[in-house]
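J.: What follows is run_13.tsv, TSV, C-alpha atoms.
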```tsv
chain	number	residue	atom	x	y	z
A	1	MET	CA	3.90	-22.08	-19.95
A	2	ILE	CA	3.76	-18.74	-18.24
A	3	ASN	CA	6.83	-18.25	-16.15
A	4	PHE	CA	5.67	-16.88	-12.83
A	5	ALA	CA	9.03	-15.43	-12.14
A	6	LEU	CA	7.97	-13.55	-9.05
A	7	GLU	CA	7.51	-16.83	-7.22
A	8	VAL	CA	10.48	-15.79	-5.25
A	9	GLY	CA	10.37	-18.19	-2.38
A	10	PRO	CA	8.10	-19.73	0.19
A	11	THR	CA	7.53	-18.32	3.64
A	12	ALA	CA	7.18	-20.11	6.92
A	13	THR	CA	3.83	-21.71	7.68
A	14	PRO	CA	2.78	-19.39	10.56
A	15	GLU	CA	3.25	-16.41	8.25
A	16	ALA	CA	1.13	-18.09	5.58
A	17	VAL	CA	-1.64	-18.73	8.12
A	18	MET	CA	-1.47	-15.10	9.25
A	19	PHE	CA	-1.54	-13.87	5.67
A	20	TRP	CA	-4.53	-15.96	4.62
A	21	ILE	CA	-6.47	-14.86	7.68
A	22	LEU	CA	-5.60	-11.17	7.57
A	23	ALA	CA	-5.44	-10.50	3.82
A	24	PRO	CA	-9.13	-11.33	3.16
A	25	ILE	CA	-10.06	-9.23	6.18
A	26	ALA	CA	-8.01	-6.32	4.82
A	27	VAL	CA	-9.56	-6.61	1.37
A	28	ALA	CA	-13.06	-6.89	2.84
A	29	ALA	CA	-12.48	-3.86	5.04
A	30	ALA	CA	-11.12	-1.87	2.10
A	31	ALA	CA	-14.13	-2.83	-0.02
A	32	GLY	CA	-16.43	-1.95	2.85
A	33	MET	CA	-14.71	1.40	3.07
A	34	ILE	CA	-15.70	2.40	-0.44
A	35	PHE	CA	-19.24	1.03	-0.07
A	36	ALA	CA	-20.03	2.41	3.39
A	37	LYS	CA	-22.60	5.20	3.19
A	38	LYS	CA	-21.42	7.02	6.29
A	39	ALA	CA	-17.99	8.60	6.23
A	40	VAL	CA	-17.33	7.61	9.85
A	41	HIS	CA	-17.75	3.92	8.97
A	42	SER	CA	-15.32	4.39	6.11
A	43	ALA	CA	-12.80	5.96	8.48
A	44	LEU	CA	-13.04	3.11	10.99
A	45	LEU	CA	-12.73	0.46	8.25
A	46	LEU	CA	-9.69	2.27	6.87
A	47	ALA	CA	-8.15	2.27	10.36
A	48	TRP	CA	-8.66	-1.49	10.43
A	49	VAL	CA	-6.96	-1.91	7.02
A	50	MET	CA	-4.04	0.13	8.34
A	51	ILE	CA	-3.73	-2.07	11.44
A	52	THR	CA	-3.62	-5.23	9.31
A	53	LEU	CA	-0.97	-3.59	7.12
A	54	ALA	CA	1.04	-2.81	10.26
A	55	ILE	CA	0.89	-6.50	11.18
A	56	PHE	CA	2.10	-7.37	7.67
A	57	TYR	CA	5.00	-4.95	8.03
A	58	ILE	CA	6.04	-6.48	11.34
A	59	ALA	CA	5.75	-9.98	9.85
A	60	GLN	CA	8.07	-8.87	7.05
A	61	ASP	CA	10.88	-7.76	9.38
A	62	ALA	CA	9.92	-4.09	9.17
A	63	LEU	CA	9.39	-3.61	12.88
A	64	PHE	CA	9.99	0.15	12.87
A	65	LEU	CA	7.58	0.74	10.00
A	66	GLY	CA	4.93	-1.41	11.65
A	67	ILE	CA	5.06	0.66	14.82
A	68	VAL	CA	5.17	3.92	12.84
A	69	GLN	CA	2.18	2.73	10.82
A	70	ILE	CA	0.14	2.27	13.98
A	71	VAL	CA	1.33	5.46	15.66
A	72	VAL	CA	1.23	7.78	12.65
A	73	TYR	CA	-1.55	6.35	10.53
A	74	THR	CA	-4.09	4.79	12.85
A	75	GLY	CA	-3.11	7.16	15.63
A	76	ALA	CA	-2.57	10.57	14.09
A	77	VAL	CA	-3.89	10.57	10.53
A	78	MET	CA	-7.11	8.69	11.20
A	79	MET	CA	-7.83	10.80	14.26
A	80	LEU	CA	-7.31	13.88	12.11
A	81	PHE	CA	-9.80	12.44	9.64
A	82	LEU	CA	-12.31	11.81	12.41
A	83	PHE	CA	-11.81	15.33	13.79
A	84	ILE	CA	-12.55	16.83	10.38
A	85	LEU	CA	-15.55	14.52	9.96
A	86	MET	CA	-16.95	15.74	13.26
A	87	LEU	CA	-16.20	19.34	12.28
A	88	VAL	CA	-17.73	19.14	8.81
A	89	GLY	CA	-20.75	17.21	10.03
A	90	VAL	CA	-21.08	13.48	10.54
A	91	ASP	CA	-24.50	13.31	8.98
A	92	SER	CA	-23.52	15.04	5.74
A	93	SER	CA	-24.33	11.89	3.81
A	94	ASP	CA	-22.91	11.21	0.40
A	95	SER	CA	-25.20	12.10	-2.46
A	96	LEU	CA	-25.83	9.02	-4.58
A	97	VAL	CA	-26.87	11.04	-7.63
A	98	GLU	CA	-24.55	10.55	-10.56
A	99	ASN	CA	-23.59	13.95	-11.93
A	100	ILE	CA	-21.74	12.48	-14.87
A	101	ARG	CA	-23.83	9.85	-16.57
A	102	GLY	CA	-22.31	6.38	-16.68
A	103	LEU	CA	-19.43	7.36	-14.41
A	104	ARG	CA	-19.88	4.53	-11.95
A	105	PRO	CA	-19.96	1.58	-14.39
A	106	ALA	CA	-17.20	3.12	-16.47
A	107	SER	CA	-15.00	3.67	-13.43
A	108	ILE	CA	-15.58	0.13	-12.18
A	109	VAL	CA	-14.66	-1.27	-15.61
A	110	ALA	CA	-11.54	0.91	-15.67
A	111	ALA	CA	-10.57	-0.11	-12.15
A	112	VAL	CA	-11.04	-3.82	-12.87
A	113	GLY	CA	-8.88	-3.30	-15.94
A	114	LEU	CA	-6.22	-1.60	-13.84
A	115	GLY	CA	-6.33	-4.38	-11.28
A	116	GLY	CA	-6.12	-7.08	-13.93
A	117	LEU	CA	-3.22	-5.30	-15.56
A	118	LEU	CA	-1.35	-4.96	-12.26
A	119	VAL	CA	-1.92	-8.59	-11.27
A	120	SER	CA	-0.92	-9.95	-14.66
A	121	LEU	CA	2.16	-7.70	-14.66
A	122	ILE	CA	3.17	-8.92	-11.23
A	123	GLY	CA	2.58	-12.49	-12.42
A	124	ARG	CA	4.83	-12.08	-15.44
A	125	ALA	CA	7.49	-9.83	-13.95
A	126	THR	CA	10.95	-11.34	-13.94
A	127	LEU	CA	12.82	-10.55	-10.82
A	128	GLY	CA	15.47	-13.20	-11.20
A	129	THR	CA	16.33	-13.36	-7.53
A	130	ASP	CA	15.38	-15.44	-4.59
A	131	VAL	CA	14.07	-13.87	-1.43
A	132	VAL	CA	17.15	-12.57	0.31
A	133	GLY	CA	15.37	-11.76	3.55
A	134	LEU	CA	16.27	-9.00	5.91
A	135	SER	CA	18.09	-11.02	8.55
A	136	ALA	CA	21.45	-9.80	7.26
A	137	ALA	CA	20.34	-6.19	6.82
A	138	ASN	CA	18.65	-6.21	10.22
A	139	SER	CA	21.59	-7.84	11.99
A	140	GLY	CA	22.35	-4.64	13.89
A	141	GLY	CA	18.67	-4.02	14.61
A	142	ASN	CA	15.95	-2.76	12.28
A	143	VAL	CA	15.82	0.76	13.70
A	144	GLN	CA	19.61	1.07	13.57
A	145	GLY	CA	19.66	-0.19	9.99
A	146	ILE	CA	17.02	2.30	8.86
A	147	ALA	CA	18.76	5.10	10.73
A	148	GLU	CA	22.02	4.27	8.99
A	149	GLU	CA	20.35	4.43	5.57
A	150	LEU	CA	18.36	7.54	6.46
A	151	PHE	CA	21.26	9.59	7.78
A	152	THR	CA	23.87	8.57	5.23
A	153	LYS	CA	22.40	7.77	1.82
A	154	TYR	CA	19.11	9.66	2.20
A	155	VAL	CA	20.14	12.53	4.44
A	156	TRP	CA	19.39	15.14	1.77
A	157	ALA	CA	15.92	13.70	1.18
A	158	PHE	CA	15.42	13.69	4.93
A	159	GLU	CA	16.22	17.42	5.16
A	160	VAL	CA	13.93	18.22	2.22
A	161	VAL	CA	11.13	16.24	3.83
A	162	SER	CA	11.54	18.18	7.07
A	163	ALA	CA	11.16	21.41	5.08
A	164	LEU	CA	8.05	19.91	3.47
A	165	LEU	CA	6.58	19.12	6.89
A	166	ILE	CA	7.12	22.67	8.13
A	167	THR	CA	5.61	24.07	4.93
A	168	ALA	CA	2.61	21.80	5.28
A	169	ALA	CA	2.06	22.85	8.89
A	170	LEU	CA	2.24	26.53	7.90
A	171	GLY	CA	-0.04	25.94	4.92
A	172	ALA	CA	-2.63	24.22	7.06
A	173	MET	CA	-2.59	27.11	9.52
A	174	VAL	CA	-3.01	29.66	6.72
A	175	LEU	CA	-5.82	27.67	5.09
A	176	ALA	CA	-7.72	26.95	8.28
A	177	HIS	CA	-7.39	30.50	9.56
A	178	SER	CA	-10.53	32.58	9.33
A	179	SER	CA	-10.35	36.32	9.70
A	180	VAL	CA	-12.79	37.95	12.11
A	181	ILE	CA	-15.37	39.92	10.14
A	182	LYS	CA	-17.05	41.83	12.99
A	183	SER	CA	-15.78	42.65	16.44
A	184	ARG	CA	-16.83	40.49	19.33
A	185	THR	CA	-19.77	41.64	21.43
A	186	ALA	CA	-18.40	42.64	24.80
A	187	GLN	CA	-20.29	43.15	28.05
A	188	ARG	CA	-20.33	46.93	27.47
A	189	ASP	CA	-21.93	46.52	24.03
A	190	GLN	CA	-24.59	44.23	25.48
A	191	SER	CA	-25.37	46.72	28.22
A	192	ILE	CA	-25.72	49.59	25.72
A	193	ALA	CA	-27.94	47.42	23.49
A	194	ARG	CA	-30.26	46.66	26.44
A	195	PHE	CA	-30.80	50.30	27.35
A	196	ARG	CA	-30.98	51.64	23.78
A	197	GLY	CA	-33.50	48.93	22.80
A	198	ALA	CA	-37.18	49.41	22.11
A	199	SER	CA	-38.30	48.42	25.59
A	200	LEU	CA	-36.67	48.73	28.98
A	201	ALA	CA	-38.35	45.51	30.16
A	202	ASN	CA	-35.15	43.52	29.99
A	203	ALA	CA	-32.82	46.34	31.00
A	204	ALA	CA	-31.83	44.50	34.16
A	205	GLY	CA	-31.20	41.31	32.25
A	206	LEU	CA	-33.38	38.38	31.33
A	207	PRO	CA	-35.33	36.70	34.13
A	208	SER	CA	-33.68	33.59	35.52
A	209	SER	CA	-35.39	30.29	34.97
A	210	GLY	CA	-37.32	28.23	37.49
A	211	VAL	CA	-40.35	28.89	39.59
A	212	PHE	CA	-39.01	29.79	42.95
A	213	SER	CA	-40.46	28.15	46.05
A	214	ARG	CA	-42.19	25.47	44.00
A	215	HIS	CA	-39.76	24.41	41.35
A	216	ASN	CA	-36.31	25.70	40.57
A	217	ALA	CA	-35.12	23.68	37.59
A	218	VAL	CA	-33.69	25.31	34.48
A	219	ASP	CA	-36.32	23.68	32.27
A	220	VAL	CA	-39.28	25.54	33.81
A	221	PRO	CA	-40.02	29.11	32.77
A	222	ALA	CA	-39.89	31.71	35.52
A	223	LEU	CA	-43.07	33.37	36.77
A	224	LEU	CA	-43.14	37.12	36.56
A	225	PRO	CA	-44.55	39.11	39.53
A	226	ASP	CA	-47.98	39.22	37.87
A	227	GLY	CA	-48.05	35.42	37.64
A	228	THR	CA	-47.47	35.12	33.92
A	229	PRO	CA	-44.71	32.85	32.67
A	230	ALA	CA	-41.60	34.38	31.11
A	231	PRO	CA	-40.56	32.33	28.04
A	232	THR	CA	-37.33	34.31	27.72
A	233	SER	CA	-36.08	32.79	30.95
A	234	ILE	CA	-35.49	29.41	29.29
A	235	SER	CA	-32.27	28.73	27.45
A	236	LYS	CA	-32.75	28.70	23.66
A	237	THR	CA	-30.98	25.34	23.52
A	238	LEU	CA	-33.48	23.64	25.83
A	239	GLU	CA	-36.31	25.16	23.85
A	240	ALA	CA	-34.94	23.85	20.56
A	241	ARG	CA	-34.41	20.41	22.06
A	242	GLY	CA	-37.96	20.32	23.40
A	243	ASP	CA	-36.73	19.74	26.96
A	244	MET	CA	-38.92	22.49	28.34
A	245	LEU	CA	-41.55	21.90	31.02
A	246	SER	CA	-44.81	23.80	31.03
A	247	SER	CA	-45.14	26.36	33.81
A	248	LYS	CA	-48.90	25.85	33.83
A	249	PRO	CA	-49.13	23.93	37.16
A	250	PHE	CA	-47.25	26.72	38.95
A	251	GLU	CA	-49.11	29.72	37.63
A	252	LEU	CA	-51.18	31.92	39.91
A	253	GLU	CA	-54.43	31.86	37.93
A	254	GLU	CA	-54.42	28.08	38.02
A	255	LYS	CA	-54.23	28.07	41.82
A	256	GLU	CA	-57.00	30.60	42.19
A	257	ALA	CA	-59.20	28.63	39.83
A	258	GLU	CA	-58.69	25.51	41.94
A	259	GLU	CA	-59.62	27.33	45.13
A	260	ASP	CA	-62.84	28.56	43.52
B	261	MET	CA	2.73	-19.29	0.56
B	262	ASP	CA	4.84	-17.13	-1.66
B	263	VAL	CA	6.19	-13.69	-0.77
B	264	SER	CA	4.73	-12.35	-4.01
B	265	ASN	CA	1.27	-12.71	-2.46
B	266	TYR	CA	1.99	-9.53	-0.55
B	267	VAL	CA	2.53	-7.75	-3.86
B	268	TYR	CA	-0.76	-9.11	-5.19
B	269	LEU	CA	-2.52	-7.91	-2.03
B	270	SER	CA	-0.91	-4.50	-2.50
B	271	ALA	CA	-2.17	-4.32	-6.10
B	272	LEU	CA	-5.66	-5.32	-4.97
B	273	LEU	CA	-5.78	-2.66	-2.25
B	274	PHE	CA	-4.45	-0.08	-4.70
B	275	THR	CA	-7.24	-0.94	-7.14
B	276	ILE	CA	-9.90	-0.72	-4.44
B	277	GLY	CA	-8.56	2.70	-3.47
B	278	ALA	CA	-8.65	3.81	-7.11
B	279	ILE	CA	-12.29	2.73	-7.44
B	280	GLY	CA	-13.11	4.70	-4.29
B	281	VAL	CA	-11.43	7.86	-5.57
B	282	VAL	CA	-13.49	7.79	-8.76
B	283	VAL	CA	-16.82	6.62	-7.37
B	284	ARG	CA	-17.22	8.46	-4.08
B	285	ARG	CA	-18.40	12.07	-3.95
B	286	ASN	CA	-17.51	13.06	-0.40
B	287	ALA	CA	-14.13	14.81	-0.43
B	288	ILE	CA	-13.12	13.27	2.91
B	289	VAL	CA	-13.86	9.73	1.73
B	290	ILE	CA	-11.90	10.42	-1.46
B	291	PHE	CA	-9.00	11.44	0.73
B	292	MET	CA	-9.27	8.21	2.69
B	293	CYS	CA	-9.14	6.25	-0.56
B	294	VAL	CA	-5.97	8.11	-1.53
B	295	GLU	CA	-4.54	7.11	1.84
B	296	LEU	CA	-5.44	3.49	1.09
B	297	MET	CA	-3.57	3.70	-2.23
B	298	LEU	CA	-0.50	5.14	-0.50
B	299	ASN	CA	-0.63	2.37	2.08
B	300	ALA	CA	-0.87	-0.25	-0.65
B	301	ALA	CA	2.25	1.22	-2.27
B	302	ASN	CA	3.98	1.07	1.12
B	303	LEU	CA	3.18	-2.63	1.42
B	304	ALA	CA	4.80	-3.21	-1.98
B	305	PHE	CA	7.86	-1.23	-0.87
B	306	VAL	CA	8.23	-3.28	2.31
B	307	THR	CA	7.77	-6.55	0.43
B	308	PHE	CA	10.36	-5.68	-2.19
B	309	SER	CA	12.69	-4.56	0.57
B	310	ARG	CA	12.39	-8.05	2.00
B	311	ILE	CA	12.85	-9.74	-1.39
B	312	HIS	CA	16.05	-7.82	-2.06
B	313	GLY	CA	17.37	-7.88	1.48
B	314	ASN	CA	17.86	-4.13	1.35
B	315	LEU	CA	16.51	-1.54	3.75
B	316	SER	CA	16.14	1.17	1.07
B	317	GLY	CA	12.57	0.02	0.43
B	318	GLN	CA	11.68	0.60	4.05
B	319	VAL	CA	13.23	4.06	3.94
B	320	ALA	CA	11.16	4.85	0.83
B	321	SER	CA	8.08	3.66	2.69
B	322	PHE	CA	9.01	5.91	5.58
B	323	PHE	CA	9.23	8.91	3.24
B	324	THR	CA	5.87	7.97	1.76
B	325	MET	CA	4.37	8.11	5.23
B	326	VAL	CA	5.82	11.57	5.86
B	327	VAL	CA	4.56	12.91	2.54
B	328	ALA	CA	1.15	11.33	3.19
B	329	ALA	CA	0.99	13.07	6.55
B	330	CYS	CA	1.73	16.43	4.87
B	331	GLU	CA	-0.86	15.72	2.21
B	332	VAL	CA	-3.51	14.90	4.79
B	333	VAL	CA	-2.83	18.04	6.79
B	334	VAL	CA	-3.01	20.40	3.80
B	335	GLY	CA	-5.84	18.51	2.12
B	336	LEU	CA	-8.04	18.47	5.17
B	337	ALA	CA	-7.37	22.18	5.72
B	338	ILE	CA	-8.51	22.81	2.14
B	339	ILE	CA	-11.64	20.72	2.73
B	340	VAL	CA	-12.42	22.71	5.88
B	341	ALA	CA	-11.91	25.98	3.97
B	342	ILE	CA	-14.22	24.80	1.16
B	343	TYR	CA	-16.77	23.57	3.67
B	344	ARG	CA	-16.72	26.92	5.42
B	345	SER	CA	-17.53	28.85	2.25
B	346	ARG	CA	-19.92	26.34	0.64
B	347	ARG	CA	-21.41	24.36	3.57
B	348	SER	CA	-20.74	21.14	1.70
B	349	ALA	CA	-17.92	18.60	1.50
B	350	SER	CA	-19.12	17.08	-1.75
B	351	VAL	CA	-16.80	17.42	-4.70
B	352	ASP	CA	-19.77	17.90	-7.03
B	353	ASP	CA	-20.80	21.13	-5.34
B	354	ALA	CA	-17.53	22.90	-6.07
B	355	SER	CA	-18.47	23.56	-9.71
B	356	LEU	CA	-18.44	27.32	-9.89
B	357	LEU	CA	-16.48	27.39	-13.16
B	358	LYS	CA	-19.00	25.11	-14.87
B	359	ARG	CA	-21.89	27.55	-14.55
```
Could you write out this file's structure as structure tokens?

T.:
Amino acid sequence: MINFALEVGPTATPEAVMFWILAPIAVAAAAGMIFAKKAVHSALLLAWVMITLAIFYIAQDALFLGIVQIVVYTGAVMMLFLFILMLVGVDSSDSLVENIRGLRPASIVAAVGLGGLLVSLIGRATLGTDVVGLSAANSGGNVQGIAEELFTKYVWAFEVVSALLITAALGAMVLAHSSVIKSRTAQRDQSIARFRGASLANAAGLPSSGVFSRHNAVDVPALLPDGTPAPTSISKTLEARGDMLSSKPFELEEKEAEED
Amino acid sequence: MDVSNYVYLSALLFTIGAIGVVVRRNAIVIFMCVELMLNAANLAFVTFSRIHGNLSGQVASFFTMVVAACEVVVGLAIIVAIYRSRRSASVDDASLLKR
């Protein structure tokens, strides 16, 4: 008979109920994360996995870690991920072309092997102890207990980790920094460019949008003194979006034609 | 229910994260899968801390979180730098040495 030595002790029923409700949700969310086509969906599913893990931490007497998990992971890290996703482009969809042939089946076989190995190892591991529980260790409070460990036994690791954090912050700034290749166009440069240009038509600036006295919205091209519309008076953004109205009903020729 | 179920769940999440790292092509999603693996390891730490009645596991988990935060900051900065020069966040596109 296989000795499942890690059967270290039962838990209370409410915890079992919580586990059997939340664990399948966590696994389903994690699986959904790797199958979701859009990176934003993956990020939100991962945030959900992290929240369930925080609940597991709190259920296992790790109150401080549960709160830190929510604040640091779902709060800071996932928001950082979402920021970068928005920066890099939400719609940059994952290419489904396999560059290395047979990578996907091979990797799934390898991963199932890894999972089977881990589970069978956990099943056969001999721990030789019962669950001690953290009620004794947490008697002075969970945060106080962790602080005592952190600032006595692990104080050197704590200092090293603080150095690591500073280095990481500096590294991120260096990596994300982009040097300016050309100088910014100032008002003076724009003015010089207008007068040195091929035509002096726009020397006084581009015409402002809207047809005065009939229509003064930004999505209607201005009418020049000779009655022709000025396409340059519309913002390039509106033009690209297709939010531009035709100036046809306001043009002079149109009116004269109607009178005739 | 047995406390070891938490360890099984941790192994399962770790495996799912490993599949994601190998299968996905988007560098950001790969990073998320690495985060999932780190979180799974944290769950094992917390569970073993409970089994042994010792807070060292929770401190280790705390350090894992700090290191993961550093990793995310630097990694995402690298991804942004690569994206800026190549206009792509796919790991397959960064293959300059292959050609």

J.: Mind dumping a table of every chain B residue within 6 Å of chain A, with the nearest atom pair and its distance in Å to one decimal, using all atoms listed in the file, sorted by chain and rising number, as JSON lines?

T.:
```
{"residue": "B:Met261", "atom": "CA", "partner": "A:Pro10", "partner_atom": "CA", "distance": 5.4}
{"residue": "B:Asp262", "atom": "CA", "partner": "A:Pro10", "partner_atom": "CA", "distance": 4.6}
{"residue": "B:Thr275", "atom": "CA", "partner": "A:Gly115", "partner_atom": "CA", "distance": 5.5}
{"residue": "B:Ile279", "atom": "CA", "partner": "A:Ala111", "partner_atom": "CA", "distance": 5.8}
{"residue": "B:Gly280", "atom": "CA", "partner": "A:Ile34", "partner_atom": "CA", "distance": 5.2}
{"residue": "B:Val283", "atom": "CA", "partner": "A:Arg104", "partner_atom": "CA", "distance": 5.9}
{"residue": "B:Asn286", "atom": "CA", "partner": "A:Asp94", "partner_atom": "CA", "distance": 5.8}
{"residue": "B:Arg310", "atom": "CA", "partner": "A:Gly133", "partner_atom": "CA", "distance": 5.0}
{"residue": "B:Ile311", "atom": "CA", "partner": "A:Val131", "partner_atom": "CA", "distance": 4.3}
{"residue": "B:His312", "atom": "CA", "partner": "A:Val132", "partner_atom": "CA", "distance": 5.4}
{"residue": "B:Gly313", "atom": "CA", "partner": "A:Leu134", "partner_atom": "CA", "distance": 4.7}
{"residue": "B:Cys330", "atom": "CA", "partner": "A:Ala168", "partner_atom": "CA", "distance": 5.5}
{"residue": "B:Val334", "atom": "CA", "partner": "A:Ala172", "partner_atom": "CA", "distance": 5.0}
{"residue": "B:Ala337", "atom": "CA", "partner": "A:Ala172", "partner_atom": "CA", "distance": 5.3}
```

J.: With C-alpha atoms retained, export the selected residues as an mmCIF file, in the frame of the given file.

T.:
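Ended up saving to out.cif:
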```
data_model
loop_
_atom_site.group_PDB
_atom_site.id
_atom_site.type_symbol
_atom_site.label_atom_id
_atom_site.label_comp_id
_atom_site.auth_asym_id
_atom_site.auth_seq_id
_atom_site.Cartn_x
_atom_site.Cartn_y
_atom_site.Cartn_z
ATOM 1 C CA MET B 261 2.730 -19.290 0.560
ATOM 2 C CA ASP B 262 4.840 -17.130 -1.660
ATOM 3 C CA THR B 275 -7.240 -0.940 -7.140
ATOM 4 C CA ILE B 279 -12.290 2.730 -7.440
ATOM 5 C CA GLY B 280 -13.110 4.700 -4.290
ATOM 6 C CA VAL B 283 -16.820 6.620 -7.370
ATOM 7 C CA ASN B 286 -17.510 13.060 -0.400
ATOM 8 C CA ARG B 310 12.390 -8.050 2.000
ATOM 9 C CA ILE B 311 12.850 -9.740 -1.390
ATOM 10 C CA HIS B 312 16.050 -7.820 -2.060
ATOM 11 C CA GLY B 313 17.370 -7.880 1.480
ATOM 12 C CA CYS B 330 1.730 16.430 4.870
ATOM 13 C CA VAL B 334 -3.010 20.400 3.800
ATOM 14 C CA ALA B 337 -7.370 22.180 5.720
#
```

J.: Which one of A:Leu245, A:Ile21, A:Val160, A:Leu121 sits closest to B:Val327 if you count all atoms listed in the file?

T.: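 Nearest candidate to B:Val327 out of A:Leu245, A:Ile21, A:Val160, A:Leu121: A:Val160.
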
J.: Using only C-alpha atoms, which of B:Val263, B:Ile339, B:Ala349, B:Val326 sits nearest B:Leu298?

T.: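 Under the stated criterion, the closest residue is B:Val326.
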
J.: Measuring between all atoms listed in the file, which one of B:Gly335, B:Ile342, B:Leu356, B:Ser264 shows the shortest distance to B:Val289?

T.: B:Gly335

J.: Considering all atoms listed in the file, state which residue in the set B:Ser350, B:Ser316, B:Ser345, B:Thr324 is at the smallest distance from B:Ala287.

T.: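 Once distances to B:Ala287 are computed over all atoms listed in the file, the minimum belongs to B:Ser350.
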
J.: I need the residue nearest B:Glu295 from this list: B:Val281, B:Ala271, B:Ala341, B:Ala320. Use all atoms listed in the file for the distance.

T.: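 Between B:Val281, B:Ala271, B:Ala341, B:Ala320, the residue approaching B:Glu295 most closely is B:Val281.
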
J.: Near B:Ala300, counting all atoms listed in the file, which residues have an atom at most 10 Å away, once you skip same-chain residues fewer than 4 positions from it, shown as a list in words?

T.: Val49, Met50 and Leu53 of chain A; Tyr266, Val267, Tyr268, Leu269, Ser270, Ala271, Leu272, Leu273, Phe274, Thr275, Ile276, Gly277, Val294, Glu295, Leu296, Ala304 and Phe305 of chain B

J.: Quick one: distance from atom CA of A:Leu22 to atom CA of A:Thr52 in Å, one decimal?

T.: 6.5 Å

J.: By how many Å are atom CA of A:Ser246 and atom CA of A:Pro221 apart?

T.: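 Atom-to-atom, atom CA of A:Ser246 to atom CA of A:Pro221, that is 7.4 Å.
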
J.: Neighbouring residues of stretch 227-243 of chain A were defined as those with any atom within 7 Å, considering only C-alpha atoms; residues of the same chain fewer than 4 positions away were excluded. Please report them as a ChimeraX atom specification.

T.: /A:206-209,218-219,221-223,247,251-252

J.: Looking at all atoms listed in the file, which of A:Leu200, A:Val155, A:Ile192, A:Met79 is the one that sits closest to B:Val319?

T.: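 Ranked by minimum distance to B:Val319, first place goes to A:Val155.
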
J.: For atom CA of A:Ala201 and atom CA of A:Pro249, quote the distance in Å rounded to one decimal.

T.: 25.1 Å

J.: Quick one: axis-aligned box around all listed atoms of stretch 34-51 of chain A, 3 Å on every side, centre and edge lengths in Å to one decimal, written as AutoDock Vina command-line options.

T.:
```
--center_x -13.2 --center_y 3.3 --center_z 5.5 --size_x 24.9 --size_y 16.7 --size_z 17.9
```
